[in-house]
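Peer 1: Submitted below is the structure of interest, expressed as structure tokens.
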Amino acid sequence: MASGETLVEHRLDAEGADPLMLAGVTDVNIHEVSRLFGVRMVLRGDHVILSGMLAPVERAAPVVQHMIELARLRTPFDTNDIGRFADGSASDAGIVRPTDEIRIALPGSRRVIVPKSEGQQGYVQAIAENDIVIGIGPAGTGKTYLGVACAVDALYKKRVRRIILARPAVEAGENLGFLPGDLQEKVDPYLRPLYDALEDMMPHDRVRRALEDSTIEIAPLAYMRGRTLSDAFVILDEAQNATRAQMKMFLTRLGLNSRVVITGDKTQIDLSSPAESGLLEVEEILSGIDGIAVVYLNEKDVIRHRLVKDIIRAYARDQEAEAPS
């Protein structure tokens, strides 16, 4: 121990917190706090005890306090969330206190979906308050997942009669033209992430029935041409790969009692001419219109594996280094 460093012990009241949710299975959450901050975390009765050097303990305390609050509310979190809490602990940014207004309860699945960052909270709030929401941000920020959750919630509450999920069928460096099957089977690989999100929120048989009776439709963006999308919750995913003409076509399909969510990542444009991306255009020309919200998410909102955040930052640094001065 270096001269002047002091060992301290800090006690936090954990009364009412679910101990298993707080500690995690096989104490995985405790181990993650120790790894991130270099402190010792112990659950003893109705208290959590943090011990170690003064500075690390002070950094860990607000994060562990937030974990206690979530465990009291029976709101699930995992080690990736703890890393995100740690990133925002200095200014309390990124630490969200769940409220009833931002909880999405999904009947039949016993699941409650809660935005896990301030950016995600603002995104869900924007969807609730606007007819068109454009969510822009890197992979793993929950743009599609939360959009689908809001759509399923609106369908269950009978606010809309159907859900329409669309994606541009643009090849990201791979040639799928020689895959066997009919047209639908060829485009299904592009649409698989939307199926995955739905099946994570609804029982499989209910998803199947909804697809069969067209209560839920998943289709390539090109299939939207010539239609009027009324009484529907419509999501355009991977919108960075929609051309300007396709984006205008899609937006002008909007009918009565419909909501539209557009999601995209400006750093992953697969068009032969990136400047033709419809997402870049609508970001500029539609901002400021009443009823349309543009929401930006960043690496602080990433909820996938903790390394995804580091990967995003590494690519951003590399792009900045390559940019002309």
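Chain labels A, B, ... are given in the sequence in which chains occur in the structure tokens; within each chain residues are numbered consecutively from 1, and ligands are likewise numbered from 1 in the order shown.
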Using DSSP on the backbone, list every residue of segment 216-311 of chain A that comes out as alpha helix (DSSP H), and give them as a list of chain:residue names.

Peer 2: A:Arg244, A:Ala245, A:Gln246, A:Met247, A:Lys248, A:Met249, A:Phe250, A:Leu251, A:Gly278, A:Leu279, A:Leu280, A:Glu281, A:Val282, A:Glu283, A:Glu284, A:Ile285, A:Arg306, A:Leu307, A:Val308, A:Lys309, A:Asp310, A:Ile311

Peer 1: For the selection just defined, write its residues with C-alpha atoms to a file, as a PDB file, in the first residue's frame.

Peer 2:
ATOM      1  CA  ARG A 244     -33.651   8.746 -50.132  1.00  0.00           C
ATOM      2  CA  ALA A 245     -36.429   7.692 -52.504  1.00  0.00           C
ATOM      3  CA  GLN A 246     -37.304   4.670 -50.351  1.00  0.00           C
ATOM      4  CA  MET A 247     -37.409   6.790 -47.201  1.00  0.00           C
ATOM      5  CA  LYS A 248     -39.774   9.323 -48.770  1.00  0.00           C
ATOM      6  CA  MET A 249     -41.951   6.474 -50.055  1.00  0.00           C
ATOM      7  CA  PHE A 250     -42.060   4.901 -46.605  1.00  0.00           C
ATOM      8  CA  LEU A 251     -42.890   8.113 -44.725  1.00  0.00           C
ATOM      9  CA  GLY A 278     -32.348   8.281 -46.545  1.00  0.00           C
ATOM     10  CA  LEU A 279     -31.554   8.311 -42.826  1.00  0.00           C
ATOM     11  CA  LEU A 280     -28.988  11.081 -43.290  1.00  0.00           C
ATOM     12  CA  GLU A 281     -31.533  13.126 -45.215  1.00  0.00           C
ATOM     13  CA  VAL A 282     -34.489  12.801 -42.820  1.00  0.00           C
ATOM     14  CA  GLU A 283     -32.228  13.597 -39.885  1.00  0.00           C
ATOM     15  CA  GLU A 284     -31.678  17.015 -41.440  1.00  0.00           C
ATOM     16  CA  ILE A 285     -34.979  17.879 -43.092  1.00  0.00           C
ATOM     17  CA  ARG A 306     -19.555  -5.005 -22.127  1.00  0.00           C
ATOM     18  CA  LEU A 307     -16.967  -5.331 -24.925  1.00  0.00           C
ATOM     19  CA  VAL A 308     -19.427  -3.919 -27.496  1.00  0.00           C
ATOM     20  CA  LYS A 309     -19.051  -0.509 -25.901  1.00  0.00           C
ATOM     21  CA  ASP A 310     -15.262  -0.738 -26.078  1.00  0.00           C
ATOM     22  CA  ILE A 311     -15.438  -1.875 -29.712  1.00  0.00           C
TER      23      ILE A 311
END

Peer 1: Tell me which protein, DNA and RNA residues are within 8 Å of Ala60 of chain A, counting only C-alpha atoms, leaving out same-chain ones fewer than 4 positions away, and put them as a PyMOL selection string.

Peer 2: chain A and resi 33+37+39+56+64+86

Peer 1: Skipping near chain neighbours, those fewer than 2 positions away, what residues fall within 6 Å of segment 164-168 of chain A using only C-alpha atoms, listed as an mmCIF file with N, CA and C atoms, in the first residue's frame?

Peer 2:
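The result, stored in result_31.cif:
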data_model
loop_
_atom_site.group_PDB
_atom_site.id
_atom_site.type_symbol
_atom_site.label_atom_id
_atom_site.label_comp_id
_atom_site.auth_asym_id
_atom_site.auth_seq_id
_atom_site.Cartn_x
_atom_site.Cartn_y
_atom_site.Cartn_z
ATOM 1 N N VAL A 170 -30.670 -4.961 -48.135
ATOM 2 C CA VAL A 170 -29.398 -4.538 -48.726
ATOM 3 C C VAL A 170 -28.317 -5.489 -48.271
ATOM 4 N N ILE A 216 -49.412 -9.168 -37.308
ATOM 5 C CA ILE A 216 -48.020 -8.739 -37.382
ATOM 6 C C ILE A 216 -47.494 -9.099 -38.760
ATOM 7 N N GLU A 217 -46.867 -8.125 -39.392
ATOM 8 C CA GLU A 217 -46.292 -8.348 -40.718
ATOM 9 C C GLU A 217 -44.820 -7.952 -40.680
ATOM 10 N N ILE A 218 -43.966 -8.828 -41.189
ATOM 11 C CA ILE A 218 -42.535 -8.550 -41.289
ATOM 12 C C ILE A 218 -42.161 -8.669 -42.754
ATOM 13 N N ALA A 219 -41.676 -7.582 -43.337
ATOM 14 C CA ALA A 219 -41.463 -7.577 -44.783
ATOM 15 C C ALA A 219 -40.339 -6.634 -45.176
ATOM 16 N N PRO A 220 -39.730 -6.874 -46.350
ATOM 17 C CA PRO A 220 -38.743 -5.924 -46.872
ATOM 18 C C PRO A 220 -39.394 -4.572 -47.138
ATOM 19 N N LEU A 221 -38.613 -3.519 -47.049
ATOM 20 C CA LEU A 221 -39.115 -2.166 -47.252
ATOM 21 C C LEU A 221 -39.802 -2.009 -48.606
ATOM 22 N N VAL A 234 -45.685 1.006 -36.981
ATOM 23 C CA VAL A 234 -44.782 0.641 -38.071
ATOM 24 C C VAL A 234 -43.345 0.945 -37.665
ATOM 25 N N ILE A 235 -42.454 -0.027 -37.832
ATOM 26 C CA ILE A 235 -41.038 0.154 -37.518
ATOM 27 C C ILE A 235 -40.219 -0.084 -38.776
ATOM 28 N N LEU A 236 -39.395 0.885 -39.123
ATOM 29 C CA LEU A 236 -38.414 0.707 -40.195
ATOM 30 C C LEU A 236 -37.050 0.566 -39.533
ATOM 31 N N ASP A 237 -36.506 -0.641 -39.597
ATOM 32 C CA ASP A 237 -35.235 -0.948 -38.951
ATOM 33 C C ASP A 237 -34.095 -0.850 -39.962
ATOM 34 N N ALA A 242 -31.761 2.473 -46.298
ATOM 35 C CA ALA A 242 -32.854 2.899 -47.177
ATOM 36 C C ALA A 242 -32.372 4.091 -47.989
#

Peer 1: Could you give me, as JSON lines, every segment 170-285 of chain A residue with an atom at most 9 Å from segment 119-143 of chain A, plus its closest atom pair and distance in Å to one decimal, counting only C-alpha atoms, rows ordered by chain then number?

Peer 2:
{"residue": "A:Asp237", "atom": "CA", "partner": "A:Lys143", "partner_atom": "CA", "distance": 8.6}
{"residue": "A:Asn257", "atom": "CA", "partner": "A:Asp131", "partner_atom": "CA", "distance": 8.7}
{"residue": "A:Ser258", "atom": "CA", "partner": "A:Asp131", "partner_atom": "CA", "distance": 7.1}
{"residue": "A:Arg259", "atom": "CA", "partner": "A:Asp131", "partner_atom": "CA", "distance": 4.7}
{"residue": "A:Val260", "atom": "CA", "partner": "A:Ile132", "partner_atom": "CA", "distance": 4.7}
{"residue": "A:Val261", "atom": "CA", "partner": "A:Val133", "partner_atom": "CA", "distance": 4.9}
{"residue": "A:Ile262", "atom": "CA", "partner": "A:Ile134", "partner_atom": "CA", "distance": 4.7}
{"residue": "A:Thr263", "atom": "CA", "partner": "A:Gly135", "partner_atom": "CA", "distance": 4.7}
{"residue": "A:Gly264", "atom": "CA", "partner": "A:Ile136", "partner_atom": "CA", "distance": 5.2}
{"residue": "A:Asp265", "atom": "CA", "partner": "A:Gly137", "partner_atom": "CA", "distance": 5.1}
{"residue": "A:Lys266", "atom": "CA", "partner": "A:Ile136", "partner_atom": "CA", "distance": 7.3}
{"residue": "A:Thr267", "atom": "CA", "partner": "A:Pro138", "partner_atom": "CA", "distance": 7.3}
{"residue": "A:Gln268", "atom": "CA", "partner": "A:Pro138", "partner_atom": "CA", "distance": 8.4}
{"residue": "A:Leu279", "atom": "CA", "partner": "A:Ile134", "partner_atom": "CA", "distance": 8.7}
{"residue": "A:Val282", "atom": "CA", "partner": "A:Ile134", "partner_atom": "CA", "distance": 8.6}
{"residue": "A:Glu283", "atom": "CA", "partner": "A:Ile134", "partner_atom": "CA", "distance": 7.8}

Peer 1: Go ahead and save the picked residues with C-alpha atoms, as a PDB file, in the first residue's frame.

Peer 2:
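Output contents, as saved in result-v9.pdb:
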ATOM      1  CA  ASP A 237     -35.235  -0.948 -38.951  1.00  0.00           C
ATOM      2  CA  ASN A 257     -53.930   6.371 -36.119  1.00  0.00           C
ATOM      3  CA  SER A 258     -50.462   5.119 -36.990  1.00  0.00           C
ATOM      4  CA  ARG A 259     -47.115   5.510 -35.296  1.00  0.00           C
ATOM      5  CA  VAL A 260     -43.764   5.166 -36.992  1.00  0.00           C
ATOM      6  CA  VAL A 261     -40.384   4.345 -35.458  1.00  0.00           C
ATOM      7  CA  ILE A 262     -37.310   4.597 -37.687  1.00  0.00           C
ATOM      8  CA  THR A 263     -34.036   3.158 -36.399  1.00  0.00           C
ATOM      9  CA  GLY A 264     -30.561   3.293 -37.855  1.00  0.00           C
ATOM     10  CA  ASP A 265     -26.820   3.506 -37.349  1.00  0.00           C
ATOM     11  CA  LYS A 266     -25.039   6.100 -39.487  1.00  0.00           C
ATOM     12  CA  THR A 267     -21.723   4.282 -39.088  1.00  0.00           C
ATOM     13  CA  GLN A 268     -23.001   1.101 -40.797  1.00  0.00           C
ATOM     14  CA  LEU A 279     -31.554   8.311 -42.826  1.00  0.00           C
ATOM     15  CA  VAL A 282     -34.489  12.801 -42.820  1.00  0.00           C
ATOM     16  CA  GLU A 283     -32.228  13.597 -39.885  1.00  0.00           C
TER      17      GLU A 283
END

Peer 1: Expressed in Å to a single decimal, how great is the separation between atom CA of Ser34 of chain A and atom CA of Val114 of chain A?

Peer 2: 25.7 Å

Peer 1: Identify, on the basis of only C-alpha atoms, every residue whose closest approach to Asn29 of chain A does not exceed 10 Å; exclude the query and any residue fewer than 5 positions from it along the same chain; express the result as a list in words.

Peer 2: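 After dropping sequence-adjacent residues, the list is Leu20, Met21, Leu22, Ala23, Gly24, Ser34, Arg35, Met41, Val64, Met67, Phe77, Asp78, Thr79, Asn80, Asp81 and Ile82 of chain A.
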
Peer 1: In Å to one decimal, how far is atom CA of Arg161 of chain A from atom CA of Pro203 of chain A?

Peer 2: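 That distance, rounded to one decimal, is 18.6 Å.
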
Peer 1: Neighbours of Arg72 of chain A within 10 Å (only C-alpha atoms; same-chain residues fewer than 2 positions away dropped), as a VMD selection string?

Peer 2: chain A and resid 14 to 19 21 to 22 66 to 70 74 to 75

Peer 1: Excluding same-chain residues fewer than 6 positions from Val42 of chain A, what lies within 9 Å of it counting only C-alpha atoms, as a VMD selection string?

Peer 2: chain A and resid 30 48 to 51

Peer 1: Separation of atom CA of Arg317 of chain A and atom CA of Thr144 of chain A, in Å?

Peer 2: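 Spanning atom CA of Arg317 of chain A to atom CA of Thr144 of chain A is a straight-line distance of 25.4 Å.
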
Peer 1: Which residue out of A:Ala169, A:Leu211, A:Asp27, A:Pro193 has the minimum interatomic distance to Tyr223 of chain A when only C-alpha atoms are used?

Peer 2: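 Closest to Tyr223 of chain A, using only C-alpha atoms: A:Ala169.
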
Peer 1: Taking only C-alpha atoms into account, which of A:Asp196, A:Asp318, A:Asp153, A:Glu9 comes nearest Arg40 of chain A?

Peer 2: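 Among the listed residues, the smallest separation from Arg40 of chain A belongs to A:Glu9.
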
Peer 1: Taking the DSSP secondary structure from the backbone, can you list the residues of segment 83-302 of chain A that are strand (DSSP E or B), as an MDAnalysis selection string?

Peer 2: chainID A and resid 104:106 111:113 132:136 162:167 216:220 229 232:236 243 254 259:264 277 292:296

Peer 1: Calculated over only C-alpha atoms, which of the candidates A:Thr215, A:Gln65, A:Thr26, A:Ser287 has the smallest distance to Asp13 of chain A?

Peer 2: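 That would be A:Gln65, the residue with the smallest distance to Asp13 of chain A.
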